[in-house]
>>> print(open('run13.txt').read())   # compact mmCIF, C-alpha atoms
# COMPACT_ATOMS: atom_id res chain seq x y z
CA MET A 21 -57.30 113.19 131.00
CA LYS A 22 -55.39 111.67 128.09
CA TYR A 23 -53.81 108.24 128.49
CA SER A 24 -50.92 107.00 126.37
CA VAL A 25 -48.81 103.84 126.26
CA VAL A 26 -45.06 103.76 125.67
CA LYS A 27 -42.92 100.69 125.15
CA TYR A 28 -40.09 100.58 127.69
CA SER A 29 -36.59 101.45 126.53
CA GLU A 30 -33.31 102.08 128.33
CA ALA A 31 -34.05 105.79 128.26
CA TYR A 32 -36.73 105.13 130.91
CA PHE A 33 -34.45 103.06 133.17
CA SER A 34 -34.32 105.54 136.08
CA GLU A 35 -37.95 106.61 135.77
CA TRP A 36 -39.10 102.97 135.79
CA ASN A 37 -37.06 102.11 138.88
CA HIS A 38 -38.16 105.20 140.76
CA PHE A 39 -41.78 104.35 139.98
CA ILE A 40 -41.38 100.75 141.20
CA SER A 41 -39.77 101.83 144.46
CA ALA A 42 -42.64 104.24 145.17
CA SER A 43 -45.43 101.92 144.00
CA LYS A 44 -48.02 100.35 146.28
CA ASN A 45 -47.79 96.84 144.81
CA GLY A 46 -44.34 96.54 143.25
CA THR A 47 -41.26 94.83 144.69
CA PHE A 48 -37.53 94.77 143.93
CA LEU A 49 -38.07 91.89 141.46
CA LEU A 50 -39.65 94.44 139.12
CA ASP A 51 -36.68 96.81 139.27
CA ARG A 52 -34.82 96.89 135.95
CA ASN A 53 -31.59 96.01 137.78
CA PHE A 54 -33.22 92.69 138.68
CA MET A 55 -35.16 92.12 135.47
CA GLU A 56 -32.25 92.63 133.15
CA TYR A 57 -29.91 89.99 134.54
CA HIS A 58 -31.65 87.62 132.10
CA SER A 59 -32.45 90.12 129.34
CA ASP A 60 -30.72 87.90 126.77
CA ARG A 61 -33.36 85.18 127.35
CA PHE A 62 -36.47 87.25 126.64
CA GLU A 63 -37.75 89.77 124.12
CA ASP A 64 -38.75 92.52 126.50
CA TYR A 65 -42.11 94.14 125.85
CA SER A 66 -42.62 96.05 129.05
CA LEU A 67 -45.08 98.93 128.82
CA MET A 68 -45.55 102.26 130.57
CA ILE A 69 -48.90 104.07 130.86
CA PHE A 70 -48.97 107.85 131.15
CA GLU A 71 -51.80 110.14 132.18
CA ASP A 72 -50.93 113.26 130.23
CA LYS A 73 -47.19 113.38 131.02
CA THR A 74 -47.33 111.59 134.38
CA LEU A 75 -46.38 107.92 134.63
CA ILE A 76 -49.24 106.12 136.41
CA SER A 77 -48.61 102.42 135.74
CA VAL A 78 -46.12 99.94 134.30
CA LEU A 79 -46.46 96.40 132.98
CA PRO A 80 -43.32 94.18 133.14
CA ALA A 81 -43.68 91.82 130.17
CA HIS A 82 -42.05 90.02 127.27
CA LYS A 83 -43.18 88.93 123.82
CA ILE A 84 -43.49 85.49 122.25
CA ASN A 85 -44.82 85.44 118.69
CA ASP A 86 -48.07 87.45 118.77
CA ASP A 87 -48.67 87.28 122.52
CA ILE A 88 -47.45 89.26 125.54
CA TYR A 89 -46.68 87.58 128.86
CA SER A 90 -46.11 88.70 132.41
CA HIS A 91 -42.37 88.23 132.52
CA TRP A 92 -41.48 84.52 132.78
CA GLY A 93 -38.28 85.46 134.56
CA LEU A 94 -40.31 86.92 137.44
CA THR A 95 -42.54 85.25 140.00
CA TYR A 96 -45.37 87.74 139.52
CA GLY A 97 -46.35 90.77 137.48
CA GLY A 98 -49.35 92.61 136.10
CA LEU A 99 -50.04 96.31 136.38
CA ILE A 100 -47.96 98.17 138.95
CA TYR A 101 -49.24 101.52 140.22
CA ASN A 102 -48.88 104.02 143.07
CA GLU A 103 -51.10 104.52 146.09
CA LYS A 104 -52.87 107.54 144.55
CA ILE A 105 -54.39 105.63 141.63
CA LYS A 106 -58.13 104.96 141.72
CA LEU A 107 -60.08 102.00 140.35
CA THR A 108 -61.71 104.03 137.58
CA THR A 109 -58.28 105.16 136.37
CA VAL A 110 -57.01 101.57 136.24
CA ILE A 111 -60.02 100.51 134.17
CA LYS A 112 -59.55 103.35 131.68
CA ALA A 113 -55.77 102.92 131.52
CA PHE A 114 -55.96 99.17 130.97
CA GLY A 115 -58.45 99.72 128.17
CA VAL A 116 -55.92 102.01 126.49
CA LEU A 117 -53.18 99.43 127.03
CA LEU A 118 -55.24 96.62 125.48
CA GLU A 119 -56.11 98.85 122.55
CA TYR A 120 -52.41 99.66 122.11
CA LEU A 121 -51.56 95.95 122.03
CA TYR A 122 -54.42 95.23 119.63
CA GLY A 123 -53.19 97.99 117.34
CA ASN A 124 -49.73 96.43 117.38
CA ASN A 125 -51.05 93.04 116.28
CA ILE A 126 -50.78 91.44 119.72
CA THR A 127 -53.52 88.83 120.14
CA LYS A 128 -53.45 87.96 123.84
CA LEU A 129 -52.03 89.21 127.10
CA PHE A 130 -51.11 86.61 129.74
CA VAL A 131 -50.87 87.88 133.31
CA LYS A 132 -49.71 86.40 136.61
CA LEU A 133 -50.95 88.65 139.39
CA ILE A 134 -48.94 89.88 142.34
CA PRO A 135 -50.21 87.96 145.40
CA VAL A 136 -51.98 90.25 147.87
CA ILE A 137 -49.46 89.66 150.65
CA TYR A 138 -46.89 91.59 148.60
CA HIS A 139 -49.11 94.68 148.35
CA LYS A 140 -48.16 97.57 150.60
CA TYR A 141 -51.71 98.94 150.27
CA PRO A 142 -54.93 97.33 148.97
CA SER A 143 -54.22 96.85 145.28
CA ASP A 144 -56.82 94.61 143.67
CA GLU A 145 -57.89 97.19 141.10
CA PHE A 146 -56.23 95.19 138.33
CA SER A 147 -57.84 91.93 139.41
CA TYR A 148 -61.29 93.50 139.10
CA THR A 149 -60.35 95.14 135.80
CA LEU A 150 -59.33 91.78 134.34
CA PHE A 151 -62.74 90.42 135.31
CA VAL A 152 -64.69 93.15 133.55
CA ALA A 153 -62.33 92.84 130.56
CA GLY A 154 -63.44 89.23 130.11
CA ALA A 155 -60.15 87.66 131.16
CA SER A 156 -60.06 83.88 131.68
CA LEU A 157 -58.50 82.21 134.70
CA ILE A 158 -55.98 79.71 133.28
CA ARG A 159 -53.93 78.69 136.30
CA LYS A 160 -54.16 78.79 140.09
CA ASP A 161 -51.13 77.97 142.23
CA THR A 162 -51.25 77.43 145.99
CA MET A 163 -48.80 79.33 148.19
CA SER A 164 -48.14 78.29 151.79
CA ILE A 165 -48.14 81.38 154.00
CA ILE A 166 -47.44 82.10 157.65
CA ASP A 167 -49.16 85.23 158.93
CA ASN A 168 -46.72 86.46 161.56
CA ARG A 169 -49.43 88.63 163.10
CA ASN A 170 -51.59 85.58 163.80
CA LYS A 171 -49.37 82.51 163.94
CA LEU A 172 -50.43 78.90 164.19
CA PRO A 173 -48.22 76.55 166.25
CA PHE A 174 -45.66 74.17 164.79
CA THR A 175 -46.65 70.50 164.90
CA LYS A 176 -45.14 68.11 167.43
CA THR A 177 -43.06 66.45 164.70
CA ARG A 178 -41.53 69.80 163.66
CA ARG A 179 -40.71 70.71 167.25
CA GLN A 180 -39.01 67.36 167.77
CA SER A 181 -36.92 67.84 164.62
CA ILE A 182 -35.92 71.36 165.71
CA ARG A 183 -34.74 69.99 169.05
CA ARG A 184 -32.79 67.31 167.16
CA GLY A 185 -30.97 70.02 165.24
CA ASP A 186 -30.06 71.73 168.48
CA LYS A 187 -28.79 68.48 170.05
CA ASN A 188 -26.69 67.81 166.96
CA GLY A 189 -24.92 71.11 167.47
CA LEU A 190 -25.97 72.64 164.15
CA ILE A 191 -24.78 76.16 163.44
CA ILE A 192 -26.60 78.67 161.23
CA LYS A 193 -24.54 81.35 159.51
CA GLU A 194 -25.73 84.22 157.37
CA GLU A 195 -23.14 84.77 154.69
CA SER A 196 -22.65 85.84 151.11
CA GLU A 197 -21.02 82.52 150.21
CA PHE A 198 -23.42 81.30 147.54
CA GLU A 199 -21.03 79.02 145.60
CA LEU A 200 -20.63 76.57 148.47
CA PHE A 201 -24.38 76.01 148.81
CA TRP A 202 -24.95 76.04 145.04
CA ASN A 203 -22.18 73.54 144.26
CA LYS A 204 -22.37 71.23 147.30
CA ILE A 205 -26.12 71.15 148.00
CA LEU A 206 -28.48 72.87 145.57
CA ILE A 207 -27.22 71.85 142.13
CA PRO A 208 -26.62 68.17 143.03
CA ASN A 209 -30.05 67.88 144.67
CA LEU A 210 -31.98 69.50 141.83
CA TYR A 211 -30.15 67.40 139.26
CA SER A 212 -30.62 64.08 141.08
CA ARG A 213 -34.29 64.64 141.99
CA HIS A 214 -35.66 66.63 139.07
CA ASP A 215 -32.92 66.69 136.41
CA VAL A 216 -32.99 70.51 136.39
CA LYS A 217 -30.69 73.40 137.30
CA PRO A 218 -31.45 76.38 139.56
CA VAL A 219 -33.17 79.25 137.79
CA HIS A 220 -30.26 81.47 138.82
CA SER A 221 -26.65 80.44 138.45
CA ALA A 222 -24.34 81.15 141.38
CA LYS A 223 -22.82 83.99 139.37
CA GLU A 224 -26.25 85.50 138.72
CA ILE A 225 -27.44 85.29 142.32
CA ILE A 226 -24.19 86.87 143.51
CA LEU A 227 -24.66 89.73 141.05
CA LEU A 228 -28.27 90.23 142.17
CA GLN A 229 -27.34 90.12 145.85
CA GLN A 230 -24.71 92.80 145.26
CA LYS A 231 -27.38 94.99 143.64
CA PHE A 232 -30.02 94.22 146.31
CA PRO A 233 -28.14 93.43 149.54
CA ASP A 234 -31.14 94.24 151.74
CA ASN A 235 -33.52 92.12 149.66
CA ILE A 236 -31.49 88.95 149.10
CA ARG A 237 -30.01 87.16 152.11
CA HIS A 238 -28.45 83.73 152.36
CA PHE A 239 -28.15 81.32 155.29
CA ASN A 240 -26.09 78.12 155.51
CA VAL A 241 -26.35 75.36 158.13
CA TYR A 242 -23.18 73.59 159.29
CA HIS A 243 -22.61 70.34 161.15
CA GLY A 244 -19.11 70.78 162.42
CA ASP A 245 -17.24 72.32 159.50
CA LYS A 246 -19.47 70.69 156.84
CA ILE A 247 -22.34 72.48 155.10
CA VAL A 248 -25.50 70.39 155.38
CA ALA A 249 -28.28 72.77 154.28
CA GLY A 250 -29.01 76.31 153.18
CA THR A 251 -31.56 78.77 151.90
CA THR A 252 -31.63 82.00 149.90
CA VAL A 253 -34.37 84.38 150.99
CA PHE A 254 -35.95 87.17 148.93
CA ILE A 255 -37.24 89.98 151.16
CA THR A 256 -39.81 92.66 150.32
CA ASP A 257 -41.53 95.30 152.45
CA THR A 258 -44.10 92.82 153.71
CA VAL A 259 -42.80 89.31 152.97
CA ALA A 260 -39.83 87.00 153.51
CA HIS A 261 -39.79 84.30 150.83
CA PRO A 262 -37.26 81.44 150.56
CA GLN A 263 -36.35 81.38 146.87
CA TYR A 264 -34.08 78.36 147.27
CA ILE A 265 -33.97 75.74 150.00
CA SER A 266 -32.13 72.44 150.10
CA GLY A 267 -30.34 70.05 152.44
CA ASN A 268 -28.09 67.04 152.09
CA GLN A 269 -29.25 63.43 152.49
CA ASP A 270 -28.91 63.66 156.28
CA LYS A 271 -31.36 66.54 156.66
CA ASN A 272 -34.03 64.46 158.42
CA GLU A 273 -31.59 62.75 160.80
CA LEU A 274 -29.87 66.05 161.62
CA GLY A 275 -33.03 68.17 161.65
CA SER A 276 -31.14 70.75 159.60
CA LEU A 277 -33.95 72.30 157.54
CA ASP A 278 -36.42 72.43 160.42
CA PHE A 279 -33.75 73.93 162.67
CA LEU A 280 -32.99 76.54 160.02
CA TYR A 281 -36.60 77.48 159.38
CA ASP A 282 -37.45 77.78 163.05
CA HIS A 283 -34.64 80.34 163.24
CA LEU A 284 -35.81 82.24 160.17
CA ILE A 285 -39.51 82.31 161.10
CA ASN A 286 -39.18 83.05 164.80
CA GLU A 287 -36.02 85.15 164.86
CA VAL A 288 -34.71 86.65 161.62
CA PHE A 289 -38.00 87.50 159.90
CA LYS A 290 -40.42 87.63 162.82
CA ASP A 291 -41.22 91.29 162.10
CA LYS A 292 -42.30 90.72 158.50
CA ASN A 293 -46.06 90.49 158.01
CA TYR A 294 -45.77 87.20 156.16
CA PHE A 295 -43.43 84.28 155.60
CA ASP A 296 -44.07 82.83 152.14
CA PHE A 297 -42.92 79.23 151.62
CA GLY A 298 -43.95 79.46 147.98
CA ILE A 299 -45.89 76.96 145.92
CA SER A 300 -46.11 73.16 146.06
CA ASN A 301 -47.65 72.82 142.61
CA GLU A 302 -46.69 71.13 139.39
CA ALA A 303 -48.44 70.76 135.99
CA GLN A 304 -49.53 74.40 135.80
CA GLY A 305 -51.16 74.27 139.22
CA ARG A 306 -53.19 71.11 138.65
CA LYS A 307 -50.99 68.80 140.74
CA LEU A 308 -49.84 69.12 144.35
CA ASN A 309 -46.65 67.78 145.91
CA GLU A 310 -48.35 66.40 149.02
CA GLY A 311 -45.16 65.72 150.97
CA LEU A 312 -43.81 69.22 150.39
CA LEU A 313 -47.15 70.77 151.28
CA PHE A 314 -47.32 68.68 154.49
CA TRP A 315 -43.88 69.96 155.53
CA LYS A 316 -44.83 73.59 155.00
CA GLU A 317 -48.17 73.26 156.78
CA SER A 318 -46.46 71.63 159.76
CA PHE A 319 -44.89 75.04 160.44
CA GLY A 320 -48.38 76.55 160.61
CA ALA A 321 -48.45 77.74 156.99
CA ARG A 322 -51.82 77.88 155.26
CA THR A 323 -52.98 78.36 151.69
CA LEU A 324 -53.18 81.52 149.63
CA VAL A 325 -53.79 81.28 145.88
CA HIS A 326 -51.80 82.87 143.05
CA ASP A 327 -53.91 83.49 139.94
CA PHE A 328 -52.94 83.56 136.25
CA TYR A 329 -55.12 85.03 133.50
CA GLU A 330 -55.30 85.48 129.77
CA VAL A 331 -57.23 88.25 128.04
CA GLU A 332 -57.92 88.93 124.37
CA THR A 333 -56.57 92.35 123.41
CA SER A 334 -59.69 92.91 121.30
CA ASN A 335 -61.61 93.03 124.59
CA PHE A 336 -60.54 96.64 125.10
CA LYS A 337 -64.00 97.58 123.86
CA MET A 338 -65.60 95.84 126.86
CA LEU A 339 -64.10 98.41 129.21
CA ASP A 340 -65.92 101.28 127.54
CA ASN A 341 -69.21 100.28 129.17
CA VAL A 342 -68.11 99.45 132.73
CA LEU A 343 -68.47 102.89 134.27
CA ILE A 344 -72.09 104.10 134.61
>>> encode(input="run13.txt", output="structure tokens")
Amino acid sequence: MKYSVVKYSEAYFSEWNHFISASKNGTFLLDRNFMEYHSDRFEDYSLMIFEDKTLISVLPAHKINDDIYSHWGLTYGGLIYNEKIKLTTVIKAFGVLLEYLYGNNITKLFVKLIPVIYHKYPSDEFSYTLFVAGASLIRKDTMSIIDNRNKLPFTKTRRQSIRRGDKNGLIIKEESEFELFWNKILIPNLYSRHDVKPVHSAKEIILLQQKFPDNIRHFNVYHGDKIVAGTTVFITDTVAHPQYISGNQDKNELGSLDFLYDHLINEVFKDKNYFDFGISNEAQGRKLNEGLLFWKESFGARTLVHDFYEVETSNFKMLDNVLI
């Protein structure tokens, strides 16, 4: 078999997207319709690996100076492949990819793996391949996960807060009204607490939701006719993940966020394998927001790690001697 690497271009748009939709470890975030909403911010350097003329793997990535990175505009990345691929093929194909990068004067490849809960089938071939390629672990985030097939109970404090939300007559509405939440809740909170803006503007999240209506859903919480909290949820085959969550200053007194998340976990997304609260880390994984982590764990969430690696492209030679 002959392996070759091709740099992604618009000519491969449909082939890329078809491959992602049929892959065993890819999600809608890796679809070009999602990736390219922020194409003006990154120098795309996504790669496609072919076995003879058959596409067998893709690498969503962008370039900074002489290095290639798993796309910063995406939560995860790495090699994406279909369910037919075997470990030996991944090892050989990645060796060809590293050699391609080395030959194009790329020094290092930085990768953030796709967490295992997002895999539709066992897909750790790339993780092992990074190990034998001499990759270095450079970051480890902690995700808080609920396994819906084996749930832990909510704490007493969470149950009390949920009941408080019910007594306060809170109403949860699923709607496509993003601007109200963005302008009244999310943007003011992020600015006042962290002096930052949301990764996505309201215009961008609306555009993405229109392209992926089954994968991006939004829920607002109302007290009377006033919005008091909300969340935007990204949904894959196996996981429901709140991408944004925020409430006004009365959220504890009203019980608004706890009331909302009880509804999402136990009603809306109860049939998903996992509910992913996301990370509670700062400083490249070396610091933990203890209060945020406590809140997530009080719903019965527990820790799964998300690993980040760097590998020298010159290490392609190391993969020649793995198979015996």
>>> residues_around(input="run13.txt", residues="A:Ile285", least_positions_apart="4", cutoff="9 Å", atoms="only C-alpha atoms", output="PyMOL selection string")
chain A and resi 166+168+260+280-281+289-290+295
>>> closest_residue(input="run13.txt", among="A:Asn309, A:Thr177, A:Thr95, A:Thr258", to="A:Asn45", atoms="all atoms listed in the file")
A:Thr258
>>> closest_atom_pairs(input="run13.txt", of="stretch 226-317 of chain A", to="stretch 139-147 of chain A", cutoff="10 Å", atoms="all atoms listed in the file", output="CSV")
residue,atom,partner,partner_atom,distance
A:Thr256,CA,A:Lys140,CA,9.7
A:Asp257,CA,A:Lys140,CA,7.2
A:Thr258,CA,A:Lys140,CA,7.0
A:Val259,CA,A:His139,CA,9.5
>>> write_last_selection(input="run13.txt", atoms="C-alpha atoms", output="mmCIF file, in the frame of the given file")
data_model
loop_
_atom_site.group_PDB
_atom_site.id
_atom_site.type_symbol
_atom_site.label_atom_id
_atom_site.label_comp_id
_atom_site.auth_asym_id
_atom_site.auth_seq_id
_atom_site.Cartn_x
_atom_site.Cartn_y
_atom_site.Cartn_z
ATOM 1 C CA THR A 256 -39.810 92.660 150.320
ATOM 2 C CA ASP A 257 -41.530 95.300 152.450
ATOM 3 C CA THR A 258 -44.100 92.820 153.710
ATOM 4 C CA VAL A 259 -42.800 89.310 152.970
#
>>> atom_distance(input="run13.txt", atom1="atom CA of A:Lys160", atom2="atom CA of A:Lys307")
10.5 Å
>>> residues_around(input="run13.txt", residues="stretch 102-108 of chain A", least_positions_apart="6", cutoff="8 Å", atoms="all atoms listed in the file", output="number ranges by chain")
A: 39, 42-45, 76-77, 141, 145, 343
>>> closest_residue(input="run13.txt", among="A:Trp92, A:Phe48, A:Trp36, A:Phe319", to="A:Asp234", atoms="all atoms listed in the file")
A:Phe48
